[in-house]
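Colleague: Could you have a look at this structure, given as structure tokens, before my questions?
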Amino acid sequence: MKKVVTILLILGMMLSVVACAPAAAPAATEPAATEAPATEATEAPATEATEAPVAINVAMVTDVGNIDDKSFNEFTWKGCSDWATENGMVANYYRPSEDSDEARIETIKTAIDKGANVIVCPGYLFGATYQQLPQQYPEVMFLGIDLGIGDVPEPQANTALITYQEEQSGFLAGYAAVMDGYTKLAFLGGIDVPAVVRYGFGFVQGANQAATELGNTADVSVKYWYSGTFGPNDEIKTKTAGWYTEGTQIIFACGGGIVYSAITSADEANGKLIGVDVDQANISERVVTSAKKELENSVKLALSDLLANGGKWSAAYAGVENKLGAAQDCVGLPTDPASWRFTTFTLDQYNALYAKVKGGEYTISSAIDVQPTVTIAVDYQN
């Protein structure tokens, strides 16, 4: 019996020793439990940060010319090409086989078939095209340069339209010309479409503002005429030659090819000219300055919006017409030394003027249904 008791006492002591021993297994697994969350927290953001950006393949389609036209095609393409290079994207240009809606539509379809997911087209000739194709290709983004609601009445959400505040650009040109000493000015318009009218009325307002500040409104005058065409012809040459003969010193030639008729007259009369839309200093030494639309900058602004929004237009562009002006640095006069042909009006004066237009210090009307109220004499000849 004593042996049994002894054995039981020994077993009890052994059990009590085991019960008091430290729990080794849980201690060994604790680090694993804390390491797993740490790994998840650092790996997830790293994967997101290295995710490839959206790939944008831009196709710029010309209207009837090529990308060396020194006008809308050339500078729109430059905006596309430079933006693609700066952002590591792809840009190509395409030229339709003829001047027709069918050819333009076919060219855009070809570009899409070749991988383009952004289509950029300059000018009102694409109005009918942009009313049709965006509906057929809802995943492709369309950008119209100098295309507005008047050209595309019902733009789709994948369509962004950009137009310009031409009245501001015309204002800058008229103001600068008068400040440079010109008192006998003329406006030669092409067809009196809204953009041309805004250029012309802005030009009159700018000339009037400068004359008012100089105190010589009685001496400053503007002859004003729409030719009814955007191409050069003998009637334009005769009209502008007559203006120069009558004492006109500088003509704002606003309407595509009509400038070439004006250049002929200017060469014969030793007169001066103001170009339009782009910097036209390279087409004639007679061109003192040009009322510009900053096509390159506006293209870059739009494509940057597209990239920032994952390859889709943001609410600021989707199905919207954006009227860009000085506030967006999208209108102005050329300031390159080779293009600056004023004699007394300085670059510092221009920069001060631009800041005022940009800041809204001048009230520049964009109305096209009523002639601007000015003090200087304006001879409307239509």
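Letters A, B, ... go to the chains of the structure tokens in the order shown; residues in each chain start at 1; ligands are counted from 1 in the same order.
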Please return as a PyMOL selection string: the residues of region 98-269 of chain A that backbone DSSP assigns to helix (DSSP H, G or I).
Modeller: chain A and resi 101-113+124-136+166-179+194-214+234-245+258-269
Colleague: With DSSP run on the backbone, what are the strand (DSSP E or B) residues within region 36-187 of chain A? I'd like them as a ChimeraX atom specification.
Modeller: /A:57-61,90-94,118-122,141-145,159-164,184-187
Colleague: Any chance you can output those residues with N, CA and C atoms as a compact mmCIF listing (two decimals), in the first residue's frame?
Modeller:
```
# COMPACT_ATOMS: atom_id res chain seq x y z
N ASN A 57 -2.75 57.01 -78.07
CA ASN A 57 -2.27 56.97 -79.45
C ASN A 57 -3.05 58.03 -80.24
N VAL A 58 -2.39 59.13 -80.53
CA VAL A 58 -3.04 60.28 -81.16
C VAL A 58 -2.92 60.21 -82.68
N ALA A 59 -4.05 60.43 -83.35
CA ALA A 59 -4.05 60.58 -84.80
C ALA A 59 -4.57 61.96 -85.14
N MET A 60 -3.74 62.79 -85.78
CA MET A 60 -4.18 64.10 -86.22
C MET A 60 -4.49 63.99 -87.72
N VAL A 61 -5.70 64.41 -88.10
CA VAL A 61 -6.14 64.32 -89.49
C VAL A 61 -6.23 65.73 -90.06
N VAL A 90 2.24 58.20 -78.38
CA VAL A 90 2.39 58.04 -79.83
C VAL A 90 1.51 59.05 -80.55
N ALA A 91 2.02 59.65 -81.61
CA ALA A 91 1.24 60.56 -82.44
C ALA A 91 1.61 60.37 -83.91
N ASN A 92 0.61 60.29 -84.75
CA ASN A 92 0.79 60.20 -86.20
C ASN A 92 -0.20 61.14 -86.88
N TYR A 93 0.08 61.51 -88.11
CA TYR A 93 -0.86 62.35 -88.83
C TYR A 93 -1.30 61.65 -90.11
N TYR A 94 -2.52 62.00 -90.56
CA TYR A 94 -3.11 61.40 -91.75
C TYR A 94 -3.69 62.52 -92.61
N VAL A 118 -7.28 58.44 -79.93
CA VAL A 118 -7.58 59.87 -79.82
C VAL A 118 -7.47 60.48 -81.22
N ILE A 119 -8.53 61.13 -81.67
CA ILE A 119 -8.55 61.77 -82.98
C ILE A 119 -8.57 63.28 -82.80
N VAL A 120 -7.65 63.97 -83.46
CA VAL A 120 -7.56 65.43 -83.38
C VAL A 120 -7.72 66.00 -84.78
N CYS A 121 -8.69 66.90 -84.98
CA CYS A 121 -8.95 67.48 -86.29
C CYS A 121 -9.13 68.99 -86.18
N PRO A 122 -8.49 69.76 -87.07
CA PRO A 122 -8.61 71.22 -87.02
C PRO A 122 -9.55 71.79 -88.08
N MET A 141 -11.67 58.94 -78.24
CA MET A 141 -11.87 60.34 -77.85
C MET A 141 -11.58 61.25 -79.05
N PHE A 142 -12.47 62.21 -79.27
CA PHE A 142 -12.36 63.14 -80.41
C PHE A 142 -12.12 64.56 -79.88
N LEU A 143 -11.16 65.25 -80.51
CA LEU A 143 -10.85 66.63 -80.16
C LEU A 143 -10.95 67.48 -81.42
N GLY A 144 -11.83 68.48 -81.38
CA GLY A 144 -12.00 69.39 -82.51
C GLY A 144 -11.38 70.74 -82.21
N ILE A 145 -10.42 71.17 -83.02
CA ILE A 145 -9.75 72.45 -82.84
C ILE A 145 -10.39 73.49 -83.75
N THR A 159 -16.47 63.68 -77.18
CA THR A 159 -16.04 64.76 -78.08
C THR A 159 -15.77 66.04 -77.30
N ALA A 160 -14.60 66.61 -77.50
CA ALA A 160 -14.23 67.89 -76.89
C ALA A 160 -14.05 68.91 -78.00
N LEU A 161 -14.63 70.09 -77.85
CA LEU A 161 -14.55 71.14 -78.86
C LEU A 161 -13.81 72.35 -78.29
N ILE A 162 -12.91 72.90 -79.08
CA ILE A 162 -12.16 74.09 -78.66
C ILE A 162 -12.34 75.20 -79.69
N THR A 163 -12.77 76.36 -79.21
CA THR A 163 -12.82 77.57 -80.02
C THR A 163 -12.05 78.65 -79.27
N TYR A 164 -12.00 79.84 -79.85
CA TYR A 164 -11.14 80.88 -79.30
C TYR A 164 -11.87 82.21 -79.16
N LYS A 184 -3.96 105.14 -89.80
CA LYS A 184 -4.87 104.78 -90.88
C LYS A 184 -4.84 103.27 -91.06
N LEU A 185 -5.84 102.60 -90.50
CA LEU A 185 -5.88 101.16 -90.46
C LEU A 185 -7.02 100.64 -91.33
N ALA A 186 -6.96 99.33 -91.65
CA ALA A 186 -8.05 98.69 -92.39
C ALA A 186 -8.19 97.24 -91.94
N PHE A 187 -9.43 96.77 -91.98
CA PHE A 187 -9.71 95.37 -91.69
C PHE A 187 -10.26 94.72 -92.95
```
Colleague: Check the smallest atom-to-atom distance from each of A:Tyr317, A:Tyr175, A:Phe75, A:Phe201 to Glu213 (chain A) using only C-alpha atoms, then report the winner.
Modeller: A:Tyr175
Colleague: I'd like to know which of A:Gln349, A:Thr129, A:Ser221, A:Ser298 is closest to Val374 (chain A), using only C-alpha atoms.
Modeller: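 Of A:Gln349, A:Thr129, A:Ser221, A:Ser298, the one nearest Val374 (chain A), counting only C-alpha atoms, is A:Ser221.
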Colleague: Which residue, A:Ile56, A:Ala111, A:Ala262, A:Ile191, has the smallest gap to Asn233 (chain A) when you use only C-alpha atoms?
Modeller: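 That would be A:Ala262, the residue with the smallest distance to Asn233 (chain A).
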Colleague: Between CA of Trp243 (chain A) and CA of Asn216 (chain A), measure the distance and give it in Å to one decimal.
Modeller: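 Interatomic distance, CA of Trp243 (chain A) to CA of Asn216 (chain A): 21.2 Å.
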Colleague: Between CA of Gly332 (chain A) and CA of Phe230 (chain A), what is the distance in Å, rounded to a tenth?
Modeller: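 Taking CA of Gly332 (chain A) and CA of Phe230 (chain A), their separation equals 22.0 Å.
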Colleague: Quick one: pull the distance between CA of Gly360 (chain A) and CA of Gln328 (chain A), Å, one decimal.
Modeller: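 Taking CA of Gly360 (chain A) as the start and CA of Gln328 (chain A) as the end point, the length is 12.6 Å.
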Colleague: Can you pull out the residues contacting Lys356 (chain A)? Cut-off 12 Å, using only C-alpha atoms, and skip same-chain residues under 5 positions away; I want them as a PyMOL selection string.
Modeller: chain A and resi 168+171-172+326-327+349-351+361-364
Colleague: My list of candidates is A:Thr229, A:Gln131, A:Thr238, A:Gln249. Which is closest to Val152 (chain A) when distances are computed with only C-alpha atoms?
Modeller: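 Among the listed residues, A:Gln131 lies closest to Val152 (chain A).
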Colleague: Measuring between only C-alpha atoms, which one of A:Thr373, A:Asn297, A:Gln280, A:Asn382 shows the shortest distance to Ser71 (chain A)?
Modeller: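 Ranked by minimum distance to Ser71 (chain A), first place goes to A:Gln280.
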Colleague: From the options A:Asp113, A:Glu74, A:Asp305, A:Asp192, which residue's atoms come nearest to Gly228 (chain A), counting only C-alpha atoms?
Modeller: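 Of the candidates, the smallest distance to Gly228 (chain A) is held by A:Asp192.
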